[in-house]
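What follows is one structure encoded as structure tokens, with my remarks underneath.
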Amino acid sequence: MLSAIKNGFQPLGINTKQYSDIRWWLGILLVVVLAGVSVALSKLPIMQSAQFSSLTIGIVLGIIVGNSVFSHIAARTDVGVDYAKSILLKAGIILFGFRITFAQVAGVGWHGLLTDIVMLSGTFILAIQLGKRVFKLDEQTVILIGAGSSICGAAAVMATEPVIKAQAHKVSVAVATVVVFGTLSMFAYPIMFEYMGLSEHAYGIFVGSTIHEVAQVVAAGTAISANAADTAVIEKMLRVMMLAPFLLGLSFWQSKKHAKTNNSKHSSEQKAGITIPWFAVLFIVASGVHSLSIIPQGTTNSIVWFDNILLTIAMVALGLRTHVSAIRQAGIKPLLLAGCLFLFLTLGGFAINVGIAQVF
């Protein structure tokens, strides 16, 4: 039976639902155990002095396990790991709303909104120009990498896929690149903070407007302070909320382009359903509830503690799915494009953040 499971086959005598349930429970057990180890390590004095949170340790531990022993047990745990990477991550972001009030959102203000708009549009336009003109990549790969870098990482890539009807291997390449450079940002930003000359609030806006994944934003903000993390997540959620209008515009552009280039009578079929980031909406709801102060502080503290556990679990799962082999298969050109976008987000994003801050 173990051999059958390892090779990805359903064991005899176990129906499909039971087999899926086993893979879910074993996967959840794996990420919970690794998250527990991450939390324990984060409490060590050396980790606390280095400002390594359980989230940061979680993704590192996940990457180590993911590129060593995980391949031997992936077929038995994949359902639970992927559930943690997607559903539990979104649940963690929703609960993060209980750390934030609308008064704090107002503190980000028009400055934060304008910064997000400029960074999103600038990053995506740069991706299209570099990807097609310089690196000669196909349009689908360019759009997927551009969406992931400019909005919210792998989630944006997955949301963009049905709109442009991208091939599966191109989605995998795009996810691999944005996860790699988003993870690099997560580690690099806290190190750069000392030399930026930014306040914790300004750093939070910089993080939220430029780092790829929501979980990576949380980790990069938390590495500095709770205040920086709160501001970073608010700024990031404003950016995530722009996913829906981005997809609407992309869908319109795709259908119009198809009608113009192919003059097809079926052009209307190219319009795809729009993926609404529901977790962003519920994040706002949670913030609204917290703003009303109707929940006792002790309960709120418990929610925040549980939320940190959920986010650590999600980071472990993300690390488990970050494979070095996928990066090699991506080839050099997609990596170069994603790397250029990373430099723009980091260096150009810093200049844009400072410039807009001076205007406001």
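Identifiers in this document derive from the order of the structure tokens: chains are assigned A, B, ..., residues are numbered from 1 separately in each chain, and ligands are numbered from 1 in order of occurrence.
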For the interface of region 94-207 of chain A with region 34-58 of chain A (cut-off 10 Å, counting only C-alpha atoms), please tabulate each contacting residue of region 94-207 of chain A alongside its nearest pair of atoms and their separation in Å to one decimal, rows sorted by chain and increasing number, as CSV.
```
residue,atom,partner,partner_atom,distance
A:Thr183,CA,A:Thr56,CA,9.3
A:Met186,CA,A:Thr56,CA,8.1
A:Phe187,CA,A:Thr56,CA,8.0
A:Pro190,CA,A:Gln51,CA,8.9
```
Output file for the selection above: N, CA and C atoms, as a PDB file, in the first residue's frame:
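Written file, out-v3.pdb:
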```
ATOM      1  N   THR A 183      10.017  35.905  -2.293  1.00  0.00           N
ATOM      2  CA  THR A 183      10.723  35.411  -1.106  1.00  0.00           C
ATOM      3  C   THR A 183      12.020  36.188  -0.889  1.00  0.00           C
ATOM      4  N   MET A 186      11.198  39.400   0.668  1.00  0.00           N
ATOM      5  CA  MET A 186      10.824  39.221   2.063  1.00  0.00           C
ATOM      6  C   MET A 186      12.040  39.235   2.983  1.00  0.00           C
ATOM      7  N   PHE A 187      13.141  38.675   2.512  1.00  0.00           N
ATOM      8  CA  PHE A 187      14.363  38.654   3.312  1.00  0.00           C
ATOM      9  C   PHE A 187      15.167  39.947   3.162  1.00  0.00           C
ATOM     10  N   PRO A 190      13.764  43.752   5.166  1.00  0.00           N
ATOM     11  CA  PRO A 190      14.123  44.049   6.565  1.00  0.00           C
ATOM     12  C   PRO A 190      15.602  44.398   6.733  1.00  0.00           C
TER      13      PRO A 190
END
```
Determine the nearest neighbour of Val60 (chain A) from the options A:Val171, A:Leu29, A:Met242, A:Val180, counting only C-alpha atoms.
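For Val60 (chain A), the nearest of the candidates is A:Val180.
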Got a sec: who's within 10 Å of Glu139 (chain A), counting only C-alpha atoms, leaving out chain neighbours fewer than 5 positions off, as number ranges by chain?
A: 128, 131-132, 144, 164, 166
Could the residues in this selection be written to a file with all heavy atoms, as a PDB file, in the first residue's frame?
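Listed below is the output, again-v8.pdb:
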```
ATOM      1  N   ILE A 128       5.249  43.936 -19.884  1.00  0.00           N
ATOM      2  CA  ILE A 128       4.839  43.750 -21.276  1.00  0.00           C
ATOM      3  C   ILE A 128       5.948  44.212 -22.225  1.00  0.00           C
ATOM      4  O   ILE A 128       6.293  43.516 -23.192  1.00  0.00           O
ATOM      5  CB  ILE A 128       3.542  44.535 -21.571  1.00  0.00           C
ATOM      6  CG1 ILE A 128       2.377  43.993 -20.725  1.00  0.00           C
ATOM      7  CG2 ILE A 128       3.202  44.464 -23.055  1.00  0.00           C
ATOM      8  CD1 ILE A 128       2.019  42.561 -21.008  1.00  0.00           C
ATOM      9  N   GLY A 131       9.192  41.917 -21.630  1.00  0.00           N
ATOM     10  CA  GLY A 131       8.919  40.526 -21.977  1.00  0.00           C
ATOM     11  C   GLY A 131       8.808  40.289 -23.469  1.00  0.00           C
ATOM     12  O   GLY A 131       9.360  39.314 -24.005  1.00  0.00           O
ATOM     13  N   LYS A 132       8.116  41.177 -24.165  1.00  0.00           N
ATOM     14  CA  LYS A 132       7.880  40.974 -25.595  1.00  0.00           C
ATOM     15  C   LYS A 132       8.987  41.567 -26.462  1.00  0.00           C
ATOM     16  O   LYS A 132       9.374  40.982 -27.472  1.00  0.00           O
ATOM     17  CB  LYS A 132       6.521  41.564 -25.981  1.00  0.00           C
ATOM     18  CG  LYS A 132       5.344  40.908 -25.252  1.00  0.00           C
ATOM     19  CD  LYS A 132       4.017  41.495 -25.632  1.00  0.00           C
ATOM     20  CE  LYS A 132       3.606  41.099 -27.030  1.00  0.00           C
ATOM     21  NZ  LYS A 132       2.215  41.523 -27.341  1.00  0.00           N
ATOM     22  N   LEU A 144       1.288  36.630 -17.378  1.00  0.00           N
ATOM     23  CA  LEU A 144       1.223  35.921 -16.095  1.00  0.00           C
ATOM     24  C   LEU A 144       2.292  36.419 -15.127  1.00  0.00           C
ATOM     25  O   LEU A 144       2.011  36.681 -13.951  1.00  0.00           O
ATOM     26  CB  LEU A 144       1.367  34.415 -16.318  1.00  0.00           C
ATOM     27  CG  LEU A 144       0.204  33.710 -17.016  1.00  0.00           C
ATOM     28  CD1 LEU A 144       0.583  32.287 -17.398  1.00  0.00           C
ATOM     29  CD2 LEU A 144      -1.038  33.711 -16.122  1.00  0.00           C
ATOM     30  N   ILE A 164      -6.879  34.643 -19.726  1.00  0.00           N
ATOM     31  CA  ILE A 164      -6.116  34.560 -20.976  1.00  0.00           C
ATOM     32  C   ILE A 164      -6.021  33.128 -21.491  1.00  0.00           C
ATOM     33  O   ILE A 164      -5.365  32.881 -22.496  1.00  0.00           O
ATOM     34  CB  ILE A 164      -4.702  35.144 -20.790  1.00  0.00           C
ATOM     35  CG1 ILE A 164      -3.883  34.336 -19.783  1.00  0.00           C
ATOM     36  CG2 ILE A 164      -4.788  36.606 -20.353  1.00  0.00           C
ATOM     37  CD1 ILE A 164      -2.430  34.781 -19.685  1.00  0.00           C
ATOM     38  N   ALA A 166      -4.404  30.485 -20.356  1.00  0.00           N
ATOM     39  CA  ALA A 166      -2.988  30.128 -20.436  1.00  0.00           C
ATOM     40  C   ALA A 166      -2.777  28.629 -20.282  1.00  0.00           C
ATOM     41  O   ALA A 166      -3.558  27.927 -19.635  1.00  0.00           O
ATOM     42  CB  ALA A 166      -2.200  30.872 -19.359  1.00  0.00           C
TER      43      ALA A 166
END
```
Taking into account only C-alpha atoms, which residue in the set A:Gly112, A:Asp21, A:Leu282, A:Asp307 is nearest to Val207 (chain A)?
A:Gly112
10 Å contact set for region 95-111 of chain A, only C-alpha atoms, chain neighbours under 6 positions out, as a PyMOL selection string:
chain A and resi 89+201-202+204-205+218+226-227+229-235+238+279-280+282-293+295+300-301+303-308+310-311+353+356-360
With only C-alpha atoms as the atoms that count, which of A:Thr222, A:Ser86, A:Ser199, A:Thr115 lies nearest to Met158 (chain A)?
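Of A:Thr222, A:Ser86, A:Ser199, A:Thr115, the one nearest Met158 (chain A), counting only C-alpha atoms, is A:Ser86.
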Find the residue from A:Met119, A:Ala176, A:Ala314, A:Leu341 that sits nearest to Phe206 (chain A); use only C-alpha atoms when measuring.
A:Met119
What's the 7 Å shell around region 146-149 of chain A, counting only C-alpha atoms, without same-chain residues fewer than 2 positions away, as a list in words?
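The residues that qualify are Thr123, Phe124, Ala127, Val142, Ile143, Leu144, Ile151, Cys152, Gly153, Ala154, Ala156, Val157, Val178, His212 and Leu341 of chain A.
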Between CA of Ser325 (chain A) and CA of Val79 (chain A), what is the spacing in Å?
20.5 Å
What does the distance between CA of Met192 (chain A) and CA of Lys236 (chain A) come to in Å, to one decimal place?
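Taking CA of Met192 (chain A) and CA of Lys236 (chain A), their separation equals 19.1 Å.
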Quote the spacing between CA of Ala84 (chain A) and CA of Ala215 (chain A) in Å to one decimal place.
12.2 Å
Extract the full set of helix (DSSP H, G or I) residues from region 136-350 of chain A according to DSSP on the backbone, and format it as number ranges by chain.
A: 139-152, 154-164, 168-196, 200-210, 214-222, 226-241, 243-262, 267-270, 278-291, 297-320, 324-330, 332-350
